[in-house]
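Structure file query.cif (mmCIF, C-alpha atoms and all ligand atoms) follows.
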data_my_file
loop_
_atom_site.label_atom_id
_atom_site.label_comp_id
_atom_site.auth_asym_id
_atom_site.auth_seq_id
_atom_site.Cartn_x
_atom_site.Cartn_y
_atom_site.Cartn_z
CA MET A 5 133.73 201.75 136.61
CA GLU A 6 136.80 203.29 134.93
CA GLY A 7 138.39 203.90 138.32
CA PHE A 8 137.94 200.22 139.16
CA GLU A 9 139.67 199.17 135.89
CA VAL A 10 142.65 201.46 136.57
CA GLU A 11 142.88 200.08 140.13
CA TRP A 12 142.77 196.52 138.84
CA LYS A 13 145.49 197.16 136.21
CA LYS A 14 147.73 198.71 138.86
CA GLN A 15 147.22 195.66 141.08
CA ALA A 16 147.99 193.28 138.21
CA GLN A 17 151.18 195.18 137.33
CA GLN A 18 152.22 195.00 140.96
CA TRP A 19 151.66 191.22 141.03
CA TRP A 20 153.55 190.80 137.77
CA SER A 21 156.58 192.78 138.96
CA GLN A 22 156.49 190.88 142.28
CA SER A 23 156.47 187.54 140.52
CA LEU A 24 159.30 188.63 138.15
CA HIS A 25 161.28 189.69 141.16
CA TYR A 26 160.58 186.35 142.79
CA VAL A 27 161.60 184.44 139.65
CA HIS A 28 164.85 186.42 139.37
CA ARG A 29 165.70 185.36 142.88
CA ILE A 30 165.39 181.65 142.01
CA PRO A 31 168.65 180.10 140.78
CA PRO A 32 168.34 179.29 137.01
CA GLN A 33 169.27 175.61 137.60
CA GLN A 34 166.10 175.16 139.67
CA ILE A 35 163.96 176.71 136.93
CA TYR A 36 165.51 174.46 134.28
CA ALA A 37 164.94 171.40 136.47
CA ALA A 38 161.28 172.33 137.04
CA MET A 39 160.77 172.88 133.31
CA ALA A 40 162.43 169.56 132.53
CA VAL A 41 160.13 167.74 134.99
CA LEU A 42 157.08 169.46 133.49
CA LEU A 43 158.10 168.60 129.93
CA PHE A 44 158.87 165.01 130.86
CA THR A 45 155.50 164.45 132.58
CA THR A 46 153.67 165.99 129.61
CA PHE A 47 155.62 163.69 127.30
CA LEU A 48 154.73 160.63 129.40
CA LEU A 49 151.08 161.65 129.49
CA LEU A 50 150.95 162.08 125.70
CA LEU A 51 152.79 158.80 125.18
CA GLY A 52 150.32 157.01 127.48
CA MET A 53 147.36 158.45 125.59
CA TYR A 54 148.93 157.48 122.29
CA VAL A 55 149.62 153.87 123.42
CA TYR A 56 146.09 153.58 124.86
CA MET A 57 144.50 154.78 121.60
CA TYR A 58 146.76 152.48 119.61
CA ILE A 59 145.76 149.46 121.74
CA CYS A 60 142.06 150.39 121.50
CA SER A 61 142.20 150.72 117.72
CA ILE A 62 143.99 147.34 117.30
CA ASN A 63 141.42 145.79 119.67
CA LEU A 64 138.62 147.21 117.54
CA VAL A 65 140.17 145.87 114.32
CA LEU A 66 140.68 142.43 115.93
CA GLU A 67 137.09 142.42 117.17
CA LEU A 68 135.73 143.36 113.73
CA VAL A 69 137.95 141.12 111.62
CA CYS A 70 138.49 138.04 113.81
CA ASN A 71 135.70 138.38 116.40
CA PHE A 72 138.45 138.18 118.98
CA ASN A 73 139.78 140.81 121.41
CA TYR A 74 142.37 141.40 124.12
CA PHE A 75 140.03 140.10 126.78
CA ASP A 76 139.81 136.72 124.98
CA LEU A 77 143.56 136.78 124.55
CA PHE A 78 143.99 137.37 128.27
CA ILE A 79 141.63 134.45 129.07
CA TYR A 80 143.60 132.13 126.74
CA PHE A 81 146.84 133.32 128.30
CA CYS A 82 145.49 132.51 131.78
CA ASP A 83 144.37 129.08 130.55
CA VAL A 84 147.83 128.35 129.16
CA VAL A 85 149.50 129.49 132.41
CA ARG A 86 147.05 127.36 134.41
CA LEU A 87 147.79 124.39 132.17
CA PHE A 88 151.49 124.60 132.90
CA LYS A 89 151.23 125.53 136.56
CA ARG A 90 148.64 123.09 137.80
CA PRO A 91 149.23 119.45 138.48
CA LYS A 92 147.22 117.39 135.98
CA ALA A 93 143.62 117.02 137.15
CA ASN A 94 142.73 113.47 138.11
CA THR A 95 139.21 114.13 139.41
CA ILE A 96 136.18 112.56 137.78
CA LEU A 97 132.79 113.88 138.87
CA VAL A 98 129.92 111.41 138.77
CA THR A 99 126.58 113.14 138.75
CA GLY A 100 122.99 112.85 137.50
CA LEU A 101 119.50 112.66 138.95
CA SER A 102 118.80 110.87 142.20
CA GLY A 103 118.44 107.13 141.68
CA SER A 104 120.38 107.02 138.41
CA GLY A 105 122.98 104.72 139.97
CA LYS A 106 125.95 106.96 140.85
CA THR A 107 126.79 105.35 144.16
CA VAL A 108 126.55 101.84 142.75
CA LEU A 109 128.89 102.91 139.93
CA PHE A 110 131.32 104.51 142.43
CA TYR A 111 131.73 101.20 144.29
CA GLN A 112 131.97 99.23 141.05
CA LEU A 113 134.83 101.46 139.93
CA ARG A 114 136.57 101.16 143.29
CA ASP A 115 135.89 97.60 144.40
CA GLY A 116 134.44 95.77 141.41
CA SER A 117 131.30 95.16 143.46
CA PHE A 118 128.35 97.26 144.56
CA HIS A 119 126.98 98.11 148.00
CA GLN A 120 125.12 100.87 149.82
CA GLY A 121 123.50 101.81 146.51
CA THR A 122 119.91 101.80 147.64
CA VAL A 123 120.14 104.73 150.06
CA THR A 124 119.82 108.25 148.68
CA SER A 125 123.17 109.91 149.28
CA MET A 126 123.08 113.04 151.41
CA GLU A 127 126.78 113.84 151.13
CA PRO A 128 129.25 113.63 148.27
CA ASN A 129 130.98 110.29 148.30
CA GLU A 130 134.61 110.55 147.31
CA GLY A 131 137.74 108.50 147.14
CA THR A 132 141.14 108.30 145.48
CA PHE A 133 141.85 104.83 144.19
CA VAL A 134 143.26 102.73 141.40
CA LEU A 135 140.40 101.45 139.24
CA HIS A 136 139.49 97.94 140.34
CA SER A 137 139.82 96.65 136.77
CA GLU A 138 143.41 97.92 136.61
CA LYS A 139 144.63 96.56 139.92
CA SER A 140 145.89 93.37 138.34
CA LYS A 141 147.92 95.27 135.74
CA ASN A 142 151.68 95.54 136.09
CA GLY A 143 153.58 98.81 136.11
CA LYS A 144 152.82 102.19 137.62
CA LEU A 145 149.13 102.61 138.44
CA ASN A 146 147.62 106.06 138.67
CA PRO A 147 144.97 106.62 141.30
CA ILE A 148 141.82 108.44 140.21
CA HIS A 149 139.94 110.84 142.44
CA VAL A 150 136.25 110.02 141.98
CA ILE A 151 133.49 112.16 143.48
CA ASP A 152 129.89 110.92 143.49
CA VAL A 153 127.83 114.14 143.76
CA PRO A 154 124.33 113.41 145.11
CA GLY A 155 121.47 113.99 142.70
CA HIS A 156 119.12 115.57 145.22
CA SER A 157 118.34 119.08 143.94
CA ARG A 158 119.40 120.75 147.19
CA LEU A 159 122.80 119.05 147.14
CA ARG A 160 123.64 119.66 143.49
CA ALA A 161 125.20 123.04 144.23
CA LYS A 162 128.15 121.08 145.63
CA LEU A 163 129.09 120.31 142.05
CA ASP A 164 130.35 123.89 141.64
CA ASP A 165 132.90 123.36 144.42
CA PHE A 166 134.39 120.38 142.59
CA LEU A 167 134.33 121.68 139.01
CA PRO A 168 137.66 123.56 139.16
CA GLN A 169 139.50 120.27 139.71
CA ALA A 170 137.47 118.14 137.28
CA ALA A 171 139.13 116.29 134.42
CA GLY A 172 135.79 114.88 133.30
CA ILE A 173 132.13 114.62 134.21
CA VAL A 174 130.10 111.42 134.04
CA PHE A 175 126.41 112.31 133.85
CA LEU A 176 124.32 109.26 134.72
CA VAL A 177 120.89 108.72 133.22
CA ASP A 178 118.52 105.96 134.33
CA ALA A 179 117.84 104.31 130.96
CA VAL A 180 114.83 102.41 132.37
CA GLU A 181 112.96 105.29 134.02
CA PHE A 182 114.19 107.69 131.37
CA LEU A 183 110.99 109.17 129.92
CA PRO A 184 109.38 110.37 133.18
CA ASN A 185 112.72 111.93 134.18
CA CYS A 186 113.72 113.26 130.75
CA ARG A 187 112.79 116.89 131.49
CA ALA A 188 114.53 116.96 134.89
CA ALA A 189 117.65 115.24 133.53
CA SER A 190 117.78 117.70 130.61
CA GLU A 191 117.49 120.67 132.94
CA TYR A 192 120.32 119.42 135.10
CA LEU A 193 122.46 118.60 132.07
CA TYR A 194 121.68 122.01 130.53
CA ASP A 195 122.87 123.70 133.73
CA ILE A 196 126.13 121.75 133.65
CA LEU A 197 126.80 122.36 129.96
CA THR A 198 126.28 126.12 130.31
CA LYS A 199 128.54 126.58 133.31
CA ALA A 200 131.45 128.91 132.56
CA SER A 201 133.93 126.59 134.27
CA VAL A 202 132.81 123.66 132.09
CA VAL A 203 132.79 125.61 128.82
CA ARG A 204 136.02 127.56 129.35
CA LYS A 205 137.96 124.54 130.55
CA LYS A 206 136.28 122.36 127.93
CA ILE A 207 135.61 119.65 130.51
CA PRO A 208 134.55 116.49 128.65
CA VAL A 209 131.16 115.07 129.57
CA LEU A 210 130.09 111.43 129.24
CA ILE A 211 126.31 110.92 129.31
CA LEU A 212 126.13 107.41 130.68
CA CYS A 213 122.87 105.54 130.05
CA ASN A 214 122.81 103.24 133.06
CA LYS A 215 120.86 100.09 133.99
CA THR A 216 121.19 98.49 130.55
CA ASP A 217 120.90 95.08 132.24
CA LYS A 218 117.12 95.64 132.22
CA VAL A 219 115.36 94.71 128.97
CA THR A 220 113.15 97.78 129.29
CA ALA A 221 116.17 100.10 129.15
CA HIS A 222 116.08 102.63 126.31
CA SER A 223 118.96 102.66 123.85
CA LYS A 224 121.66 105.32 124.09
CA GLU A 225 120.70 106.68 120.65
CA PHE A 226 117.09 107.17 121.76
CA ILE A 227 118.23 108.86 124.98
CA ARG A 228 120.65 111.14 123.13
CA LYS A 229 117.95 112.29 120.71
CA GLN A 230 115.41 112.91 123.47
CA LEU A 231 117.92 114.87 125.56
CA GLU A 232 118.90 116.98 122.54
CA LYS A 233 115.24 117.67 121.78
CA GLU A 234 114.50 118.65 125.37
CA ILE A 235 117.61 120.84 125.64
CA ASP A 236 116.59 122.53 122.38
CA LYS A 237 113.26 123.47 123.99
CA LEU A 238 115.01 124.61 127.16
CA ARG A 239 117.41 126.72 125.15
CA ALA A 240 114.52 128.67 123.64
CA SER A 241 112.69 129.15 126.92
CA ARG A 242 115.80 130.05 128.91
CA SER A 243 117.20 132.53 126.39
CA ALA A 244 113.91 134.43 126.70
CA VAL A 245 114.70 135.03 130.38
CA SER A 246 118.47 135.00 130.07
CA THR A 247 118.98 138.47 131.52
CA ALA A 248 117.40 137.37 134.78
CA ASP A 249 118.95 133.92 134.66
CA LEU A 250 122.35 134.25 136.22
CA THR A 251 123.07 130.55 136.68
CA ASN A 252 123.49 129.82 132.97
CA GLU A 253 126.59 131.69 132.01
CA PHE A 254 126.92 130.44 128.43
CA THR A 255 124.39 129.73 125.72
CA LEU A 256 124.27 126.38 124.01
CA GLY A 257 124.49 125.45 120.35
CA ALA A 258 124.29 127.51 117.18
CA PRO A 259 121.49 130.09 116.76
CA GLY A 260 118.79 128.99 114.31
CA GLU A 261 119.93 125.36 114.31
CA ARG A 262 118.47 122.45 116.26
CA PHE A 263 120.59 121.64 119.26
CA ALA A 264 122.98 118.69 119.06
CA PHE A 265 125.67 117.71 121.57
CA SER A 266 128.23 117.95 118.77
CA GLN A 267 127.78 121.75 118.87
CA CYS A 268 129.13 121.97 122.41
CA GLN A 269 132.59 123.47 122.81
CA ASN A 270 133.54 120.67 125.17
CA LYS A 271 133.39 117.05 124.05
CA VAL A 272 130.05 115.44 124.92
CA THR A 273 129.72 111.70 124.28
CA VAL A 274 127.04 109.16 125.10
CA GLY A 275 127.76 105.71 126.51
CA GLU A 276 126.06 102.76 128.17
CA ALA A 277 126.63 100.92 131.43
CA SER A 278 125.17 98.63 134.00
CA GLY A 279 126.60 99.57 137.37
CA LEU A 280 124.78 96.72 139.03
CA GLY A 281 125.85 94.18 136.42
CA GLY A 282 129.50 95.36 136.47
CA GLU A 283 129.40 96.39 132.80
CA ILE A 284 131.31 99.65 133.16
CA SER A 285 133.98 99.42 130.45
CA GLN A 286 132.84 102.59 128.62
CA VAL A 287 133.09 104.74 131.72
CA GLU A 288 136.48 103.26 132.55
CA GLN A 289 137.66 104.09 129.05
CA PHE A 290 136.36 107.66 129.46
CA ILE A 291 138.29 107.99 132.73
CA ARG A 292 141.49 106.66 131.16
CA ASP A 293 141.12 108.98 128.17
CA ASN A 294 140.80 112.06 130.37
CA VAL A 295 142.99 111.36 133.38
CA LYS A 296 146.43 111.29 131.90
CA SER A 297 149.22 109.13 133.24
N1 LIG A 301 118.95 97.37 137.28
C1 LIG A 301 119.86 98.21 137.72
N2 LIG A 301 119.66 98.92 138.84
C2 LIG A 301 120.62 99.76 139.23
C3 LIG A 301 121.83 99.94 138.51
N3 LIG A 301 122.59 100.87 139.15
C4 LIG A 301 121.88 101.26 140.23
N4 LIG A 301 120.72 100.59 140.29
C5 LIG A 301 119.69 100.73 141.33
O1 LIG A 301 119.23 102.08 141.29
C6 LIG A 301 118.94 102.51 142.63
C7 LIG A 301 119.68 103.81 142.92
O2 LIG A 301 121.07 103.59 142.92
P1 LIG A 301 122.08 104.60 143.62
O3 LIG A 301 123.44 104.20 143.21
O4 LIG A 301 121.81 104.68 145.06
O5 LIG A 301 121.63 105.96 142.93
P2 LIG A 301 122.30 107.41 143.12
O6 LIG A 301 122.43 107.96 141.76
O7 LIG A 301 123.52 107.32 143.94
O8 LIG A 301 121.15 108.20 143.89
P3 LIG A 301 121.32 109.47 144.88
O9 LIG A 301 122.34 109.10 145.89
O10 LIG A 301 119.95 109.63 145.46
O11 LIG A 301 121.71 110.63 144.07
C8 LIG A 301 119.33 101.36 143.56
O12 LIG A 301 118.19 100.63 143.89
C9 LIG A 301 120.26 100.53 142.71
O13 LIG A 301 120.22 99.16 143.07
C10 LIG A 301 122.01 99.16 137.32
O14 LIG A 301 123.00 99.23 136.63
N5 LIG A 301 120.98 98.33 136.98
MG MG A 302 124.01 108.01 145.83
#

What does the file become when written as structure tokens?
Ligand SMILES: Nc1nc2c(ncn2[C@@H]2O[C@H](COP(=O)(O)OP(=O)(O)OP(=O)(O)O)[C@@H](O)[C@H]2O)c(=O)[nH]1
Ligand SMILES: [Mg+2]
Amino acid sequence: MEGFEVEWKKQAQQWWSQSLHYVHRIPPQQIYAAMAVLLFTTFLLLLGMYVYMYICSINLVLELVCNFNYFDLFIYFCDVVRLFKRPKANTILVTGLSGSGKTVLFYQLRDGSFHQGTVTSMEPNEGTFVLHSEKSKNGKLNPIHVIDVPGHSRLRAKLDDFLPQAAGIVFLVDAVEFLPNCRAASEYLYDILTKASVVRKKIPVLILCNKTDKVTAHSKEFIRKQLEKEIDKLRASRSAVSTADLTNEFTLGAPGERFAFSQCQNKVTVGEASGLGGEISQVEQFIRDNVKS
């Protein structure tokens, strides 16, 4: 064992003297340069770690004090950049359950008359036009891009393709056949109001109670209350399965409070119309308010 130790020491001394000899042969300038590079990289590494820890601690303080962090800041920054870079959105999406009157409304907005309204649409119906009611006005007229997204459940996914360009959403509700369709309309509306693209971009939504020409039509106040009540129920049932529910990216309303549209981050208003009767002034006003000149 001792013999092995002596052998090992001898070997180590030999290596040491060999390496000293090797170092002596290297010009000193090269050694200084190597040391400088080593010191500089260590300095950069330490600086990086320091900056990273500094950023993390500020992020933590922001999160604790203002409930706000760098990620949110980044999202707002992107929104601001998008706002300046993109041409102003002039697209209005018209959606709602099948039979609520979207196609009739589309033609009223475009031509001031209705046609083809009785057939269930199987494709989105779209057009860029000056509102019929504004055609007689003097001055520069801004065309609006209107998309009538079919209400059939299998075609609703198309809505996602159009949301990035939307300046506003008109959600049609059949005010006559409202009660039997209340649950389905609420589910569809809930899905729209919890979409990340709608919440983040704060896309305004007009819930348009249509077919008010019929005496049996429910009032917009009644419809608003019923929709809020139904969405409140949905909120409870959906949050129970929220981990598995990937379609609803945001939750609605304030926890512990009854749901009201006023709690939404985007503006949600309720209006009335009769597509068939040509009484569409509230939807036209909504379009004008949200598609800027
Ligand atoms: N009384 C009355 N009926 C209406 C009104 N608007 C639409 N309707 C009728 O409601 C039915 C459905 O109208 P559409 O415009 O085809 O409905 P939609 O929402 O486009 O339906 P989908 O294409 O299936 O999604 C038609 O029979 C229309 O005549 C309205 O303001 N008043
Ligand atoms: Mg249609």

Check: Which of these, A:Gly103, A:Gly7, A:Pro32, A:Pro128, has the shortest distance to ligand LIG 301 (chain A) once you count all atoms listed in the file?
Finding: A:Gly103

Margin query: Please list as a PyMOL selection string every residue within 6 Å of Ile96 (chain A), counting all atoms listed in the file and excluding residues in the same chain fewer than 4 positions away.
Written below: chain A and resi 150+170-173

Do a neighbour search on region 232-235 of chain A at 12 Å with all atoms listed in the file, toss out local chain neighbours closer than 4 positions, and write the hits as a PDB file with C-alpha atoms, keeping the file's coordinate frame.
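File around.pdb, as written:
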ATOM      1  CA  LEU A 183     110.990 109.170 129.920  1.00  0.00           C
ATOM      2  CA  ASN A 185     112.720 111.930 134.180  1.00  0.00           C
ATOM      3  CA  CYS A 186     113.720 113.260 130.750  1.00  0.00           C
ATOM      4  CA  ARG A 187     112.790 116.890 131.490  1.00  0.00           C
ATOM      5  CA  ALA A 188     114.530 116.960 134.890  1.00  0.00           C
ATOM      6  CA  ALA A 189     117.650 115.240 133.530  1.00  0.00           C
ATOM      7  CA  SER A 190     117.780 117.700 130.610  1.00  0.00           C
ATOM      8  CA  GLU A 191     117.490 120.670 132.940  1.00  0.00           C
ATOM      9  CA  TYR A 192     120.320 119.420 135.100  1.00  0.00           C
ATOM     10  CA  LEU A 193     122.460 118.600 132.070  1.00  0.00           C
ATOM     11  CA  TYR A 194     121.680 122.010 130.530  1.00  0.00           C
ATOM     12  CA  ASP A 195     122.870 123.700 133.730  1.00  0.00           C
ATOM     13  CA  ILE A 196     126.130 121.750 133.650  1.00  0.00           C
ATOM     14  CA  LEU A 197     126.800 122.360 129.960  1.00  0.00           C
ATOM     15  CA  THR A 198     126.280 126.120 130.310  1.00  0.00           C
ATOM     16  CA  ILE A 211     126.310 110.920 129.310  1.00  0.00           C
ATOM     17  CA  GLU A 225     120.700 106.680 120.650  1.00  0.00           C
ATOM     18  CA  PHE A 226     117.090 107.170 121.760  1.00  0.00           C
ATOM     19  CA  ILE A 227     118.230 108.860 124.980  1.00  0.00           C
ATOM     20  CA  ARG A 228     120.650 111.140 123.130  1.00  0.00           C
ATOM     21  CA  ARG A 239     117.410 126.720 125.150  1.00  0.00           C
ATOM     22  CA  ALA A 240     114.520 128.670 123.640  1.00  0.00           C
ATOM     23  CA  SER A 241     112.690 129.150 126.920  1.00  0.00           C
ATOM     24  CA  ARG A 242     115.800 130.050 128.910  1.00  0.00           C
ATOM     25  CA  SER A 243     117.200 132.530 126.390  1.00  0.00           C
ATOM     26  CA  THR A 255     124.390 129.730 125.720  1.00  0.00           C
ATOM     27  CA  LEU A 256     124.270 126.380 124.010  1.00  0.00           C
ATOM     28  CA  GLY A 257     124.490 125.450 120.350  1.00  0.00           C
ATOM     29  CA  GLU A 261     119.930 125.360 114.310  1.00  0.00           C
ATOM     30  CA  ARG A 262     118.470 122.450 116.260  1.00  0.00           C
ATOM     31  CA  PHE A 263     120.590 121.640 119.260  1.00  0.00           C
ATOM     32  CA  ALA A 264     122.980 118.690 119.060  1.00  0.00           C
ATOM     33  CA  PHE A 265     125.670 117.710 121.570  1.00  0.00           C
ATOM     34  CA  SER A 266     128.230 117.950 118.770  1.00  0.00           C
ATOM     35  CA  GLN A 267     127.780 121.750 118.870  1.00  0.00           C
ATOM     36  CA  CYS A 268     129.130 121.970 122.410  1.00  0.00           C
ATOM     37  CA  VAL A 272     130.050 115.440 124.920  1.00  0.00           C
ATOM     38  CA  VAL A 274     127.040 109.160 125.100  1.00  0.00           C
TER      39      VAL A 274
END

Can you write out as a tab-separated table which residues of chain A fall within 9 Å of ligand MG 302 (chain A), alongside each residue's closest atom pair and its distance in Å to one decimal, counting all atoms listed in the file and ordering rows by chain and ascending residue number?
residue	atom	partner	partner_atom	distance
A:Ser102	CA	A:MG302	MG	7.0
A:Gly103	CA	A:MG302	MG	7.0
A:Ser104	CA	A:MG302	MG	8.3
A:Gly105	CA	A:MG302	MG	6.8
A:Lys106	CA	A:MG302	MG	5.4
A:Thr107	CA	A:MG302	MG	4.2
A:Val108	CA	A:MG302	MG	7.3
A:Phe110	CA	A:MG302	MG	8.8
A:Gln120	CA	A:MG302	MG	8.3
A:Gly121	CA	A:MG302	MG	6.3
A:Thr122	CA	A:MG302	MG	7.7
A:Val123	CA	A:MG302	MG	6.6
A:Thr124	CA	A:MG302	MG	5.1
A:Ser125	CA	A:MG302	MG	4.0
A:Met126	CA	A:MG302	MG	7.6
A:Glu127	CA	A:MG302	MG	8.4
A:Pro128	CA	A:MG302	MG	8.1
A:Asn129	CA	A:MG302	MG	7.7
A:Asp152	CA	A:MG302	MG	7.0
A:Val153	CA	A:MG302	MG	7.5
A:Pro154	CA	A:MG302	MG	5.5
A:Gly155	CA	A:MG302	MG	7.2

Taking all atoms of ligand LIG 301 (chain A) that appear in the file, build a box with edges along x, y and z, extend it by 8 Å on every side, and state its centre and edge lengths in Å to one decimal, as AutoDock Vina command-line options.
--center_x 120.9 --center_y 104.0 --center_z 141.3 --size_x 21.3 --size_y 29.3 --size_z 25.3

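With all atoms listed in the file as the atoms that count, the minimum distance from ligand LIG 301 (chain A) to the choices A:Thr132, A:Ser137, A:Gln112, A:Asn294 is reached by A:Gln112.
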
Notebook entry, point to check: Which value, in Å to one decimal, gives the distance between CA of Tyr36 (chain A) and CA of Gln15 (chain A)?
Noted result: 28.8 Å

Next item on the list: Report the distance between CA of Arg292 (chain A) and CA of Gly143 (chain A) in Å, rounded to one decimal place.
Entry: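 According to the coordinates, CA of Arg292 (chain A) and CA of Gly143 (chain A) are separated by 15.2 Å.
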
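Remark: for ligand LIG 301 (chain A), the closest of the candidate residues A:Val287, A:His149, A:Gly100, A:Phe166 is A:Gly100 (distances computed over all atoms listed in the file).
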
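For the pair CA of Asp115 (chain A) and CA of Asp293 (chain A), the interatomic distance is 20.5 Å.
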
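Distance annotation: of A:Lys296, A:His136, A:Lys215, A:His28, the residue with the minimal separation from Gly279 (chain A) is A:Lys215; atom set is all atoms listed in the file.
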
Check: For ligand LIG 301 (chain A), which residue among A:Lys224, A:Lys271, A:Lys199, A:Lys218 is the nearest when counting only C-alpha atoms and all ligand atoms?
Finding: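 Closest to ligand LIG 301 (chain A), using only C-alpha atoms and all ligand atoms: A:Lys218.
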
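Using all atoms listed in the file, the nearest neighbour of Glu181 (chain A) within the list A:Leu101, A:Ile207, A:Val202, A:Leu238 is A:Leu101.
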